[in-house]
Amino acid sequence: MGTTVTLIVLVLVVVFVATVIIRTIRIVPQATAVIVERLGRYKTTLDAGLHFLVPFIDKVRATVDLREQVVSFPPQPVITSDNLVVSIDTVIYYQPTDPKAATYEIANYIQGIEQLTVTTLRNVIGSLDLEQTLTSRDQINGQLRGVLDDATGRWGIRVNRVELKAIDPPASVQDSMEKQMRAERDRRAAILNAEGLKQSQILTAEGEKQSSILRAEGAAQAAILRSQGEAKAITQVFDAIHRGDPDPKLLAYQYLQTLPQIARGDANKVWIVPSELNDALKGFGSMFAAHGAGGAGGRDGTPAGAARAPRPAEQPATHFEEVVLEDPEEALRRAREEAAGASRDAEETTRISAQGPVAGP
């Protein structure tokens, strides 16, 4: 019986000693502060390291994490200046700087920061319309941080940053904004299409211009060559006629062959006989009359038996010079130079006429 009691007492002593040691020795981790009270009153703040307390007299009131912390608050309905209700999510980055103030100045600093954020956010958003709210996040964040930092300074809390995580306008407003954005994109697409069409038309017009210029130059060269060819042909025909020395009878015969071609055509209702026809018929008739009167007259209409006039010596065959056409580019250049010279002469004449007669000495 005595041994059992001794054993129980020994166990109680060991437990008491262990409890005393546990309450006496206190190890504080890095970036952590421990608030210690002695007999219900603040005694000290323990930093990182090994500390010794008075057992059953000193008591740990709170352990404060000194690292920067992040807390996200649920969405809060806020009314803008244009009477639209928007839902805003906020994120707060804070850090305890005074563990004693954070423990004794406010019961729950997390709840205090949340309520202060909500009220400050409503004051700030209430002075802005929806457009400003959506485009002025940096301004709102700065105002919130300033107000929260001033209010939480006496709590031993420093607000490092405030962010608006989401701003959700009403569903009807979101639909209107999407339609407006779609219309803006359609307008930009139409502008780009119009710009592309404009550039395409400009390039097409430039191409048509160059093509017209080239066609005009080709037509000019063709006209010059055609006129040169016609001039050479007329010159050769004229020289051939004069070298052949045709008599009036041949000309009268050719004139009679040309008359039916003049009268040909459905539009010719009246045919006027030219006065030169009588002379041609007289010459042509005299040729046949001389041939019939002489009987066996010669081919040239002389009477039979009459002495034939000596014919001139046979003319040698006429050889025409080879026609050499002028170079088209050279002809076009020469035509342009002649046109430019004529323009300069006209301008000089106009200038002299405008100046009036020059007075004599």
# chains A, B, ... in the order shown; residues from 1 in each chain; ligands from 1
$ residues_around --residues "stretch 51-57 of chain A" --least-positions-apart "6" --cutoff "12 Å" --atoms "only C-alpha atoms" --output "list in words"
Phe16, Val17, Ala18, Thr19, Val20, Ile21, Ile22, Arg23, Thr24, Ile25, Arg26, Ile27, Val28, Pro29, Ala33, Val34, Ile35, Val36, Glu37, Arg38, Leu39, Gly40, Arg41, Tyr42, Lys43, Thr44 and Thr45 of chain A
$ residues_around --residues "A:Arg154" --least-positions-apart "6" --cutoff "12 Å" --atoms "only C-alpha atoms" --output "list in words"
Pro96, Thr97, Asp98, Pro99, Lys100, Ala101, Ala102, Thr103, Tyr104, Glu105, Ile106, Tyr109 and Leu148 of chain A
$ residues_around --residues "A:Ser72" --least-positions-apart "4" --cutoff "9 Å" --atoms "only C-alpha atoms" --output "list of chain:residue names"
A:Asp89, A:Thr90, A:Val91, A:Ile92, A:Tyr93, A:Glu114, A:Lys165
$ write_last_selection --atoms "all heavy atoms" --output "PDB file, in the first residue's frame"
ATOM      1  N   ASP A  89     -15.479  42.864 -55.850  1.00  0.00           N
ATOM      2  CA  ASP A  89     -14.643  42.024 -54.992  1.00  0.00           C
ATOM      3  C   ASP A  89     -13.344  42.760 -54.709  1.00  0.00           C
ATOM      4  O   ASP A  89     -12.728  43.315 -55.633  1.00  0.00           O
ATOM      5  CB  ASP A  89     -14.337  40.683 -55.660  1.00  0.00           C
ATOM      6  CG  ASP A  89     -15.612  39.871 -55.889  1.00  0.00           C
ATOM      7  OD1 ASP A  89     -16.641  40.258 -55.333  1.00  0.00           O
ATOM      8  OD2 ASP A  89     -15.548  38.880 -56.621  1.00  0.00           O
ATOM      9  N   THR A  90     -12.902  42.732 -53.457  1.00  0.00           N
ATOM     10  CA  THR A  90     -11.673  43.415 -53.069  1.00  0.00           C
ATOM     11  C   THR A  90     -10.690  42.441 -52.436  1.00  0.00           C
ATOM     12  O   THR A  90     -11.094  41.444 -51.816  1.00  0.00           O
ATOM     13  CB  THR A  90     -11.967  44.552 -52.080  1.00  0.00           C
ATOM     14  OG1 THR A  90     -12.686  44.029 -50.960  1.00  0.00           O
ATOM     15  CG2 THR A  90     -12.777  45.655 -52.737  1.00  0.00           C
ATOM     16  N   VAL A  91      -9.414  42.749 -52.605  1.00  0.00           N
ATOM     17  CA  VAL A  91      -8.331  41.973 -52.015  1.00  0.00           C
ATOM     18  C   VAL A  91      -7.434  42.945 -51.266  1.00  0.00           C
ATOM     19  O   VAL A  91      -7.008  43.963 -51.831  1.00  0.00           O
ATOM     20  CB  VAL A  91      -7.535  41.204 -53.080  1.00  0.00           C
ATOM     21  CG1 VAL A  91      -6.378  40.438 -52.449  1.00  0.00           C
ATOM     22  CG2 VAL A  91      -8.436  40.256 -53.841  1.00  0.00           C
ATOM     23  N   ILE A  92      -7.148  42.633 -49.974  1.00  0.00           N
ATOM     24  CA  ILE A  92      -6.349  43.509 -49.122  1.00  0.00           C
ATOM     25  C   ILE A  92      -5.037  42.808 -48.777  1.00  0.00           C
ATOM     26  O   ILE A  92      -5.035  41.631 -48.375  1.00  0.00           O
ATOM     27  CB  ILE A  92      -7.109  43.879 -47.827  1.00  0.00           C
ATOM     28  CG1 ILE A  92      -8.477  44.493 -48.159  1.00  0.00           C
ATOM     29  CG2 ILE A  92      -6.289  44.830 -46.974  1.00  0.00           C
ATOM     30  CD1 ILE A  92      -8.406  45.785 -48.896  1.00  0.00           C
ATOM     31  N   TYR A  93      -3.938  43.545 -48.926  1.00  0.00           N
ATOM     32  CA  TYR A  93      -2.618  43.076 -48.511  1.00  0.00           C
ATOM     33  C   TYR A  93      -2.203  43.917 -47.292  1.00  0.00           C
ATOM     34  O   TYR A  93      -2.024  45.132 -47.409  1.00  0.00           O
ATOM     35  CB  TYR A  93      -1.587  43.251 -49.634  1.00  0.00           C
ATOM     36  CG  TYR A  93      -1.876  42.422 -50.874  1.00  0.00           C
ATOM     37  CD1 TYR A  93      -2.801  42.854 -51.821  1.00  0.00           C
ATOM     38  CD2 TYR A  93      -1.230  41.217 -51.086  1.00  0.00           C
ATOM     39  CE1 TYR A  93      -3.068  42.103 -52.953  1.00  0.00           C
ATOM     40  CE2 TYR A  93      -1.496  40.452 -52.214  1.00  0.00           C
ATOM     41  CZ  TYR A  93      -2.414  40.907 -53.147  1.00  0.00           C
ATOM     42  OH  TYR A  93      -2.679  40.154 -54.259  1.00  0.00           O
ATOM     43  N   GLU A 114     -12.281  44.583 -42.985  1.00  0.00           N
ATOM     44  CA  GLU A 114     -13.330  44.265 -43.958  1.00  0.00           C
ATOM     45  C   GLU A 114     -14.448  45.306 -43.939  1.00  0.00           C
ATOM     46  O   GLU A 114     -14.848  45.816 -44.995  1.00  0.00           O
ATOM     47  CB  GLU A 114     -13.902  42.883 -43.663  1.00  0.00           C
ATOM     48  CG  GLU A 114     -15.020  42.475 -44.608  1.00  0.00           C
ATOM     49  CD  GLU A 114     -15.593  41.113 -44.271  1.00  0.00           C
ATOM     50  OE1 GLU A 114     -15.130  40.513 -43.283  1.00  0.00           O
ATOM     51  OE2 GLU A 114     -16.511  40.662 -44.983  1.00  0.00           O
ATOM     52  N   LYS A 165     -10.656  43.080 -57.346  1.00  0.00           N
ATOM     53  CA  LYS A 165     -10.524  41.832 -58.089  1.00  0.00           C
ATOM     54  C   LYS A 165     -11.530  41.729 -59.218  1.00  0.00           C
ATOM     55  O   LYS A 165     -11.209  41.199 -60.304  1.00  0.00           O
ATOM     56  CB  LYS A 165     -10.669  40.647 -57.124  1.00  0.00           C
ATOM     57  CG  LYS A 165     -10.398  39.306 -57.775  1.00  0.00           C
ATOM     58  CD  LYS A 165     -10.276  38.200 -56.726  1.00  0.00           C
ATOM     59  CE  LYS A 165     -11.556  38.031 -55.942  1.00  0.00           C
ATOM     60  NZ  LYS A 165     -11.484  36.889 -55.001  1.00  0.00           N
TER      61      LYS A 165
END
$ select_by_dssp --residues "stretch 26-134 of chain A" --states "alpha helix (DSSP H)" --output "JSON, numbers by chain"
{"A": [99, 100, 101, 102, 103, 104, 109, 110, 111, 112, 113, 114, 115, 116, 117, 118, 119, 120, 121, 122, 123, 124, 125, 130, 131, 132, 133, 134]}
$ closest_residue --among "A:Gly126, A:Gly112, A:Gly207, A:Pro75" --to "A:Asp168" --atoms "only C-alpha atoms"
A:Pro75
$ select_by_dssp --residues "stretch 99-225 of chain A" --states "strand (DSSP E)" --output "ChimeraX atom specification"
/A:157-168
$ closest_residue --among "A:Glu217, A:Asp82, A:Glu131, A:Glu230" --to "A:Arg333" --atoms "only C-alpha atoms"
A:Glu217
$ atom_distance --atom1 "atom CA of A:Thr133" --atom2 "atom CA of A:Ile167"
8.3 Å
$ atom_distance --atom1 "atom CA of A:Ile113" --atom2 "atom CA of A:Ala151"
8.9 Å
$ closest_residue --among "A:Asn108, A:Ala231, A:Gln95, A:Leu12" --to "A:Gly153" --atoms "only C-alpha atoms"
A:Gln95
$ closest_residue --among "A:Ala62, A:Val124, A:Val11, A:Leu134" --to "A:Ala107" --atoms "only C-alpha atoms"
A:Ala62
$ residues_around --residues "A:Val78" --least-positions-apart "5" --cutoff "8 Å" --atoms "only C-alpha atoms" --output "mmCIF file with N, CA, C and O atoms, in the first residue's frame"
data_model
loop_
_atom_site.group_PDB
_atom_site.id
_atom_site.type_symbol
_atom_site.label_atom_id
_atom_site.label_comp_id
_atom_site.auth_asym_id
_atom_site.auth_seq_id
_atom_site.Cartn_x
_atom_site.Cartn_y
_atom_site.Cartn_z
ATOM 1 N N VAL A 85 -26.234 49.426 -59.737
ATOM 2 C CA VAL A 85 -25.682 48.587 -58.681
ATOM 3 C C VAL A 85 -24.633 47.661 -59.295
ATOM 4 O O VAL A 85 -24.944 46.870 -60.189
ATOM 5 N N VAL A 86 -23.415 47.769 -58.795
ATOM 6 C CA VAL A 86 -22.339 46.922 -59.278
ATOM 7 C C VAL A 86 -21.823 46.100 -58.104
ATOM 8 O O VAL A 86 -21.874 46.525 -56.945
ATOM 9 N N SER A 87 -21.343 44.910 -58.397
ATOM 10 C CA SER A 87 -20.790 44.013 -57.390
ATOM 11 C C SER A 87 -19.266 44.040 -57.504
ATOM 12 O O SER A 87 -18.716 43.781 -58.586
ATOM 13 N N ILE A 88 -18.586 44.344 -56.374
ATOM 14 C CA ILE A 88 -17.137 44.551 -56.381
ATOM 15 C C ILE A 88 -16.489 43.603 -55.378
ATOM 16 O O ILE A 88 -16.895 43.539 -54.214
ATOM 17 N N LEU A 121 -15.277 51.848 -49.768
ATOM 18 C CA LEU A 121 -15.545 51.554 -51.175
ATOM 19 C C LEU A 121 -16.865 52.165 -51.619
ATOM 20 O O LEU A 121 -16.971 52.703 -52.733
ATOM 21 N N ARG A 122 -17.869 52.113 -50.781
ATOM 22 C CA ARG A 122 -19.159 52.719 -51.146
ATOM 23 C C ARG A 122 -19.053 54.231 -51.261
ATOM 24 O O ARG A 122 -19.676 54.845 -52.133
ATOM 25 N N ILE A 125 -17.002 54.803 -54.703
ATOM 26 C CA ILE A 125 -17.764 54.456 -55.905
ATOM 27 C C ILE A 125 -18.997 55.341 -56.041
ATOM 28 O O ILE A 125 -19.445 55.631 -57.162
ATOM 29 N N GLY A 126 -19.557 55.793 -54.924
ATOM 30 C CA GLY A 126 -20.745 56.637 -55.006
ATOM 31 C C GLY A 126 -20.507 57.958 -55.708
ATOM 32 O O GLY A 126 -21.468 58.595 -56.189
#
$ atom_distance --atom1 "atom CA of A:Val9" --atom2 "atom CA of A:Asp58"
26.4 Å
